[in-house]
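Enquirer: Contents of query-v3.txt (compact mmCIF, C-alpha atoms):
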# COMPACT_ATOMS: atom_id res chain seq x y z
CA MET N 1 14.36 -29.28 -13.24
CA THR N 2 12.57 -27.00 -15.69
CA LEU N 3 14.63 -24.00 -14.61
CA THR N 4 17.78 -26.04 -15.12
CA LEU N 5 16.63 -27.10 -18.60
CA LEU N 6 16.12 -23.45 -19.55
CA ARG N 7 19.89 -22.98 -19.35
CA ASP N 8 20.12 -25.07 -22.52
CA PRO N 9 20.02 -22.68 -25.53
CA LEU N 10 18.18 -25.33 -27.54
CA ILE N 11 15.27 -25.22 -25.04
CA ALA N 12 15.23 -21.56 -23.98
CA GLY N 13 13.05 -19.69 -26.43
CA ASP N 14 11.85 -22.83 -28.23
CA ALA N 15 10.60 -25.23 -25.55
CA ALA N 16 8.77 -28.33 -26.78
CA SER N 17 5.45 -29.75 -25.58
CA GLY N 18 7.12 -32.12 -23.11
CA PHE N 19 8.66 -29.19 -21.29
CA TRP N 20 5.29 -27.46 -20.98
CA MET N 21 3.67 -30.63 -19.67
CA VAL N 22 6.19 -30.63 -16.80
CA VAL N 23 5.44 -26.95 -16.16
CA ILE N 24 1.72 -27.68 -16.02
CA GLY N 25 2.42 -30.53 -13.60
CA VAL N 26 4.38 -28.23 -11.30
CA TRP N 27 1.56 -25.68 -11.43
CA LEU N 28 -1.06 -28.32 -10.59
CA ALA N 29 1.07 -29.63 -7.71
CA SER N 30 1.43 -26.14 -6.24
CA TRP N 31 -2.32 -25.58 -6.66
CA ILE N 32 -3.09 -28.80 -4.77
CA CYS N 33 -0.65 -27.86 -2.00
CA VAL N 34 -2.22 -24.41 -1.54
CA VAL N 35 -5.73 -25.89 -1.43
CA ALA N 36 -4.63 -28.54 1.06
CA LEU N 37 -2.93 -25.99 3.32
CA ALA N 38 -5.94 -23.67 3.19
CA GLY N 39 -8.17 -26.54 4.30
CA LEU N 40 -6.16 -27.34 7.42
CA LYS N 41 -7.62 -26.30 10.78
CA PRO N 42 -4.76 -26.64 13.25
CA ARG N 43 -5.40 -26.08 16.94
CA SER N 44 -1.94 -24.73 17.64
CA SER N 45 -1.72 -20.96 17.11
CA VAL N 46 1.94 -21.26 16.06
CA PHE N 47 1.11 -23.87 13.44
CA ARG N 48 -1.82 -21.77 12.24
CA LYS N 49 0.38 -18.69 11.81
CA ALA N 50 2.95 -20.80 9.96
CA ILE N 51 0.26 -22.00 7.54
CA ASP N 52 -1.03 -18.45 7.08
CA LEU N 53 2.49 -17.45 6.08
CA ALA N 54 3.17 -20.51 3.92
CA ILE N 55 0.05 -20.12 1.75
CA PRO N 56 0.89 -16.68 0.26
CA LEU N 57 4.58 -17.61 -0.03
CA LEU N 58 3.79 -20.78 -1.96
CA PHE N 59 1.24 -19.00 -4.13
CA GLY N 60 3.69 -16.19 -4.88
CA ALA N 61 6.47 -18.65 -5.66
CA ALA N 62 4.20 -20.45 -8.14
CA VAL N 63 3.34 -17.16 -9.86
CA PHE N 64 6.99 -16.15 -10.21
CA TYR N 65 7.89 -19.66 -11.39
CA LEU N 66 5.27 -19.54 -14.16
CA TRP N 67 6.40 -16.03 -15.10
CA GLU N 68 10.03 -17.19 -15.34
CA VAL N 69 9.45 -20.33 -17.39
CA VAL N 70 6.90 -18.76 -19.74
CA VAL N 71 9.12 -15.77 -20.53
CA ARG N 72 12.30 -17.81 -21.01
CA GLY N 73 10.69 -20.91 -22.47
CA ALA N 74 8.59 -19.03 -25.02
CA GLY N 75 11.36 -16.56 -25.85
CA VAL N 76 9.45 -13.42 -24.92
CA PRO N 77 11.60 -10.38 -25.84
CA PRO N 78 12.99 -8.55 -22.78
CA VAL N 79 11.67 -5.25 -24.14
CA LEU N 80 8.16 -6.64 -23.72
CA LEU N 81 8.49 -8.53 -20.44
CA PRO N 82 11.77 -9.39 -18.69
CA SER N 83 11.99 -12.50 -16.54
CA PRO N 84 11.93 -12.18 -12.73
CA SER N 85 15.53 -13.36 -12.58
CA ALA N 86 16.65 -10.58 -14.95
CA ALA N 87 14.76 -8.00 -12.88
CA ALA N 88 16.32 -9.40 -9.69
CA VAL N 89 19.83 -9.19 -11.16
CA LYS N 90 19.18 -5.59 -12.20
CA PHE N 91 17.76 -4.84 -8.75
CA MET N 92 20.90 -6.08 -6.98
CA ALA N 93 23.19 -4.30 -9.44
CA SER N 94 21.37 -0.97 -9.03
CA LEU N 95 21.08 -0.75 -5.24
CA PRO N 96 22.74 2.72 -4.99
CA ILE N 97 20.34 4.16 -7.58
CA LEU N 98 17.35 2.44 -5.99
CA GLY N 99 18.39 3.72 -2.57
CA ALA N 100 18.51 7.32 -3.80
CA ASP N 101 15.14 6.90 -5.52
CA PHE N 102 13.66 5.43 -2.33
CA VAL N 103 14.83 8.37 -0.23
CA GLN N 104 13.53 10.91 -2.75
CA THR N 105 10.11 9.33 -3.26
CA PHE N 106 9.27 7.52 -0.04
CA ILE N 107 11.17 9.25 2.75
CA ARG N 108 10.67 12.79 1.50
CA GLY N 109 7.51 12.73 -0.57
CA VAL N 110 5.41 9.92 0.86
CA LEU N 111 6.11 10.12 4.59
CA ILE N 112 5.90 13.90 4.86
CA GLY N 113 2.76 14.15 2.72
CA TYR N 114 1.22 11.17 4.54
CA ALA N 115 1.78 12.81 7.93
CA ILE N 116 0.38 16.15 6.77
CA GLY N 117 -2.68 14.69 5.02
CA CYS N 118 -3.63 12.23 7.76
CA ASN N 119 -3.15 14.69 10.61
CA ALA N 120 -5.07 17.39 8.76
CA GLY N 121 -7.90 14.97 8.01
CA LEU N 122 -8.10 13.87 11.64
CA LEU N 123 -8.07 17.46 12.92
CA VAL N 124 -10.81 18.53 10.51
CA ALA N 125 -12.85 15.45 11.45
CA ILE N 126 -12.66 16.43 15.13
CA LEU N 127 -13.79 19.97 14.29
CA ALA N 128 -16.59 18.66 12.08
CA HIS N 129 -17.71 16.35 14.89
CA ARG N 130 -17.63 19.18 17.44
CA PHE N 131 -19.44 21.68 15.21
CA GLU N 132 -22.15 20.07 13.10
CA PHE N 133 -22.34 22.90 10.56
CA LEU N 134 -18.69 22.28 9.68
CA GLY N 135 -19.43 18.64 8.95
CA ARG N 136 -22.26 19.56 6.63
CA GLY N 137 -20.12 22.10 4.81
CA LEU N 138 -16.76 20.33 4.69
CA LEU N 139 -17.81 16.84 3.61
CA PRO N 140 -19.15 17.97 0.20
CA LEU N 141 -15.98 20.02 -0.34
CA GLY N 142 -13.82 17.07 0.70
CA ASN N 143 -15.72 14.83 -1.70
CA PHE N 144 -15.15 17.37 -4.46
CA PHE N 145 -11.39 17.53 -3.91
CA SER N 146 -11.11 13.75 -3.62
CA ALA N 147 -12.80 13.41 -7.02
CA LEU N 148 -10.20 15.59 -8.73
CA PRO N 149 -8.09 13.52 -11.16
CA LEU N 150 -4.56 12.97 -9.91
CA VAL N 151 -3.06 13.55 -13.36
CA GLY N 152 -4.72 16.98 -13.36
CA VAL N 153 -3.71 17.98 -9.85
CA ALA N 154 -0.06 16.86 -10.03
CA PRO N 155 1.07 19.38 -12.71
CA ILE N 156 -0.58 22.21 -10.74
CA MET N 157 1.24 21.17 -7.56
CA VAL N 158 4.52 21.07 -9.48
CA MET N 159 3.95 24.63 -10.69
CA TRP N 160 3.02 25.80 -7.18
CA PHE N 161 5.67 24.02 -5.10
CA GLY N 162 8.47 23.37 -7.60
CA PHE N 163 10.01 20.24 -9.07
CA ASP N 164 11.47 18.84 -5.85
CA TRP N 165 9.79 16.71 -3.17
CA PRO N 166 7.48 19.44 -1.68
CA SER N 167 5.17 19.21 -4.70
CA LYS N 168 4.98 15.40 -4.31
CA ALA N 169 4.27 15.76 -0.59
CA ALA N 170 1.48 18.22 -1.45
CA VAL N 171 -0.09 15.69 -3.83
CA VAL N 172 0.17 12.95 -1.19
CA ALA N 173 -1.40 15.23 1.44
CA LEU N 174 -4.31 15.97 -0.90
CA VAL N 175 -4.79 12.28 -1.72
CA THR N 176 -4.73 11.13 1.91
CA PHE N 177 -6.82 13.92 3.42
CA PHE N 178 -10.33 12.83 2.43
CA PRO N 179 -10.11 9.11 3.40
CA MET N 180 -8.94 10.13 6.85
CA LEU N 181 -11.65 12.78 7.16
CA VAL N 182 -14.48 10.40 6.26
CA ASN N 183 -13.27 7.44 8.32
CA ALA N 184 -12.32 9.49 11.37
CA LEU N 185 -15.65 11.32 11.37
CA ALA N 186 -17.53 8.03 11.13
CA GLY N 187 -15.43 6.67 14.00
CA LEU N 188 -16.08 9.69 16.21
CA GLN N 189 -19.80 9.20 15.65
CA ALA N 190 -19.57 5.48 16.50
CA ALA N 191 -19.63 5.96 20.28
CA GLY N 192 -22.82 4.58 21.82
CA ASP N 193 -25.57 6.69 23.37
CA ILE N 194 -25.12 5.02 26.75
CA GLU N 195 -21.43 5.91 26.86
CA ARG N 196 -22.13 9.52 25.87
CA ASP N 197 -24.84 9.82 28.53
CA LEU N 198 -22.45 8.41 31.10
CA MET N 199 -19.80 11.01 30.25
CA ARG N 200 -22.41 13.77 30.49
CA SER N 201 -23.55 12.46 33.86
CA TYR N 202 -19.96 12.74 35.06
CA GLY N 203 -19.90 16.36 33.91
CA ALA N 204 -17.05 15.69 31.48
CA SER N 205 -16.06 18.44 29.08
CA TYR N 206 -15.88 17.84 25.33
CA ALA N 207 -12.09 17.56 25.50
CA GLN N 208 -12.31 14.90 28.21
CA THR N 209 -15.02 13.04 26.31
CA LEU N 210 -12.94 13.26 23.14
CA ILE N 211 -9.87 11.73 24.77
CA LYS N 212 -11.61 9.08 26.88
CA LEU N 213 -14.52 8.07 24.62
CA TYR N 214 -14.63 9.43 21.07
CA LEU N 215 -11.02 8.85 20.01
CA PRO N 216 -10.78 5.29 21.46
CA ALA N 217 -14.03 4.41 19.69
CA ALA N 218 -12.69 5.91 16.47
CA LEU N 219 -9.30 4.12 16.52
CA PRO N 220 -10.40 1.18 14.31
CA PHE N 221 -11.77 3.65 11.75
CA ILE N 222 -8.64 5.83 11.93
CA PHE N 223 -6.38 2.85 11.35
CA ASN N 224 -8.57 1.77 8.46
CA ALA N 225 -7.90 5.16 6.86
CA LEU N 226 -4.19 4.90 7.66
CA LYS N 227 -3.98 1.54 5.90
CA ILE N 228 -5.85 2.84 2.87
CA ASN N 229 -3.63 5.91 2.73
CA ALA N 230 -0.46 3.80 3.05
CA THR N 231 -0.99 2.61 -0.52
CA LEU N 232 -2.61 5.77 -1.90
CA ALA N 233 0.31 7.89 -0.71
CA LEU N 234 2.89 5.86 -2.61
CA ILE N 235 0.78 5.82 -5.77
CA GLY N 236 0.23 9.57 -5.56
CA ALA N 237 3.92 10.35 -5.11
CA ILE N 238 4.99 8.10 -8.01
CA VAL N 239 2.38 9.54 -10.38
CA ALA N 240 3.30 13.10 -9.36
CA GLU N 241 6.93 12.43 -10.32
CA PHE N 242 5.85 11.80 -13.90
CA PHE N 243 5.09 15.52 -14.26
CA GLY N 244 8.36 16.99 -13.05
CA THR N 245 11.04 15.97 -10.59
CA PRO N 246 14.82 16.14 -10.08
CA THR N 247 16.90 13.40 -11.66
CA GLN N 248 15.90 10.81 -9.08
CA GLY N 249 12.77 9.19 -7.72
CA ILE N 250 10.82 6.02 -8.42
CA GLY N 251 8.36 7.68 -10.79
CA PHE N 252 11.11 9.58 -12.60
CA ARG N 253 13.15 6.39 -13.04
CA ILE N 254 10.17 4.39 -14.32
CA SER N 255 9.34 7.09 -16.86
CA THR N 256 12.88 7.55 -18.18
CA GLU N 257 13.84 3.87 -18.24
CA ALA N 258 10.60 2.93 -20.00
CA GLY N 259 11.43 5.50 -22.69
CA ARG N 260 14.84 3.82 -23.10
CA MET N 261 13.14 0.38 -23.29
CA ALA N 262 15.10 -0.76 -20.21
CA LEU N 263 12.25 -2.83 -18.85
CA ASP N 264 14.43 -4.72 -16.37
CA MET N 265 15.14 -1.45 -14.54
CA VAL N 266 11.47 -0.52 -14.70
CA TRP N 267 10.52 -3.79 -13.02
CA ALA N 268 13.27 -3.29 -10.43
CA GLU N 269 11.71 0.07 -9.54
CA ILE N 270 8.26 -1.53 -9.45
CA ALA N 271 9.62 -4.17 -7.08
CA LEU N 272 11.10 -1.43 -4.89
CA ALA N 273 7.76 0.37 -4.75
CA ALA N 274 5.95 -2.87 -3.95
CA ILE N 275 8.37 -3.75 -1.14
CA ALA N 276 8.14 -0.26 0.34
CA GLY N 277 4.35 -0.25 0.11
CA MET N 278 3.99 -3.67 1.74
CA ALA N 279 6.41 -2.78 4.52
CA PHE N 280 4.62 0.50 5.19
CA TYR N 281 1.23 -1.21 5.25
CA GLY N 282 2.61 -3.91 7.54
CA LEU N 283 3.93 -1.35 10.02
CA VAL N 284 0.55 0.39 10.14
CA ALA N 285 -1.23 -2.95 10.60
CA LEU N 286 1.18 -3.87 13.40
CA ALA N 287 0.56 -0.53 15.11
CA GLU N 288 -3.18 -1.18 14.79
CA ARG N 289 -2.87 -4.59 16.42
CA VAL N 290 -0.83 -3.17 19.30
CA THR N 291 -3.11 -0.18 19.82
CA THR N 292 -6.57 -1.71 19.31
CA PHE N 293 -5.98 -5.11 20.92
CA TRP N 294 -9.21 -4.63 22.86
CA HIS N 295 -11.37 -4.45 19.73
CA PRO N 296 -13.39 -7.59 18.80
CA SER N 297 -11.75 -7.74 15.37
CA MET N 298 -8.35 -8.19 17.04
CA ARG N 299 -9.32 -11.02 19.36
CA THR N 300 -9.13 -13.78 16.76
Please express what this file holds, its structure, as structure tokens.
Expert:
Amino acid sequence: MTLTLLRDPLIAGDAASGFWMVVIGVWLASWICVVALAGLKPRSSVFRKAIDLAIPLLFGAAVFYLWEVVVRGAGVPPVLLPSPSAAAVKFMASLPILGADFVQTFIRGVLIGYAIGCNAGLLVAILAHRFEFLGRGLLPLGNFFSALPLVGVAPIMVMWFGFDWPSKAAVVALVTFFPMLVNALAGLQAAGDIERDLMRSYGASYAQTLIKLYLPAALPFIFNALKINATLALIGAIVAEFFGTPTQGIGFRISTEAGRMALDMVWAEIALAAIAGMAFYGLVALAERVTTFWHPSMRT
């Protein structure tokens, strides 16, 4: 009803107190529904999964509803904050541009840099686990590189690797390397003493012990790093595009459109980045559930 009333030019931008009382009522009703759903303890696994899905959907719908009615009802200028509906219209009207930006940033920069950084971190973690002196020497260096500010590293990578996607992939690889190194090394060291003694009693080589004991024990830690890096990689690629890129890319588009005060396009690009990041994280989480089904954390 409130969204329908906002079509009236006499209400949009100058809503009265009665309108805001209805909005508050809708917000309170959604709050009560979320609390009630969160308190349910269904025995059916299907019903429980449905509730787990309904709670964030209802909460998100309430947030977007409040955003929509506040912006349109209070007459907030679009150059300050566009409404979700305006951003959605711009999103649908700019699908070819968004598709090209997605390929440039995510497919080329994020995925390639993510694969390089995570694989390099895992390989170095295995070497550091095999040779203790490497662990003592590499961890401080890894900590040093991880502490480097991204806004300082990105321009250097652009000068080294050029303005196209290789420089963004290099930034992503640098960002994702250290989380994988630390988590994978902790996972490789998580194998119990009894299991290690058993492998030694069998006369297993380090390679056999690595494959049959150390890596399976480290899988939860490795997937933890993969999930962390799924978001860090996208952030790193977008920030790197602020410092030089061809005429496409999510970061490039956000920077240029913000300078033109086209905030609806900026929010469309932000929505694209959010969708890509959530989908990427979801795929990694799904792979974790399929691969580490035996772990106690996956038995619930």
Enquirer: Would you mind listing what lies within 9 Å of stretch 231-235 of chain N as a PDB file with C-alpha atoms, keeping the file's coordinate frame, with all atoms listed in the file counted and same-chain residues fewer than 5 positions away left out?
Expert:
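The resulting part_11.pdb:
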ATOM      1  CA  THR N 105      10.110   9.330  -3.260  1.00  0.00           C
ATOM      2  CA  PHE N 106       9.270   7.520  -0.040  1.00  0.00           C
ATOM      3  CA  GLY N 109       7.510  12.730  -0.570  1.00  0.00           C
ATOM      4  CA  VAL N 110       5.410   9.920   0.860  1.00  0.00           C
ATOM      5  CA  LEU N 111       6.110  10.120   4.590  1.00  0.00           C
ATOM      6  CA  GLY N 113       2.760  14.150   2.720  1.00  0.00           C
ATOM      7  CA  TYR N 114       1.220  11.170   4.540  1.00  0.00           C
ATOM      8  CA  ALA N 169       4.270  15.760  -0.590  1.00  0.00           C
ATOM      9  CA  VAL N 171      -0.090  15.690  -3.830  1.00  0.00           C
ATOM     10  CA  VAL N 172       0.170  12.950  -1.190  1.00  0.00           C
ATOM     11  CA  ALA N 173      -1.400  15.230   1.440  1.00  0.00           C
ATOM     12  CA  VAL N 175      -4.790  12.280  -1.720  1.00  0.00           C
ATOM     13  CA  THR N 176      -4.730  11.130   1.910  1.00  0.00           C
ATOM     14  CA  ALA N 240       3.300  13.100  -9.360  1.00  0.00           C
ATOM     15  CA  ALA N 273       7.760   0.370  -4.750  1.00  0.00           C
ATOM     16  CA  ALA N 276       8.140  -0.260   0.340  1.00  0.00           C
ATOM     17  CA  GLY N 277       4.350  -0.250   0.110  1.00  0.00           C
ATOM     18  CA  MET N 278       3.990  -3.670   1.740  1.00  0.00           C
ATOM     19  CA  PHE N 280       4.620   0.500   5.190  1.00  0.00           C
ATOM     20  CA  TYR N 281       1.230  -1.210   5.250  1.00  0.00           C
TER      21      TYR N 281
END
Enquirer: Figure out the distance between atom CA of N:Leu283 and atom CA of N:Ser45, please, to one decimal in Å.
Expert: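 Here the two named atoms are 21.6 Å from each other.
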Enquirer: Counting all atoms listed in the file, select every polymer residue within 10 Å of (9.2, -23.6, -19.2) as defined in the file's coordinates, and provide the selection as a VMD selection string.
Expert: chain N and resid 1 to 6 11 to 24 65 to 75
Enquirer: Compare N:Ala262, N:Ala279, N:Ile126, N:Ala230 by their minimum atom-to-atom distance to N:Tyr214, counting all atoms listed in the file, and give me the closest one.
Expert: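 The shortest atom-to-atom distance to N:Tyr214 comes from N:Ile126.
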Enquirer: Kindly give the distance, in Å, that separates atom CA of N:Arg200 and atom CA of N:Pro216, rounded to a single decimal.
Expert: 17.0 Å
Enquirer: Hey, which of N:Leu219, N:Ile51, N:Ala100, N:Ala170 ends up closest to N:Ile250? Count only C-alpha atoms.
Expert: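 Smallest separation from N:Ile250 among the options: N:Ala100.
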Enquirer: Using all atoms listed in the file for the distances, tell me which of N:Asp264, N:Val79, N:Ala147, N:Trp165 is nearest to N:Ala93.
Expert: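 Using all atoms listed in the file, N:Ala93 sits closest to N:Asp264.
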Enquirer: Mind pulling up the distance from atom CA of N:Glu132 to atom CA of N:Gln208?
Expert: 18.8 Å
Enquirer: Tell me which of N:Asn224, N:Ser255, N:Gln104, N:Gln248 sits closest to N:Arg289, counting all atoms listed in the file.
Expert: N:Asn224
Enquirer: Hey, what's within 7 Å of stretch 27-43 of chain N if we count all atoms listed in the file and toss same-chain stuff fewer than 6 positions away? As a ChimeraX atom specification, please?
Expert: /N:51,55,59,62
Enquirer: Within 7 Å of (15.9, 19.5, -11.1), in the coordinates the file gives, what residues turn up when you count only C-alpha atoms, written out as number ranges by chain?
Expert: N: 163-164, 245-247
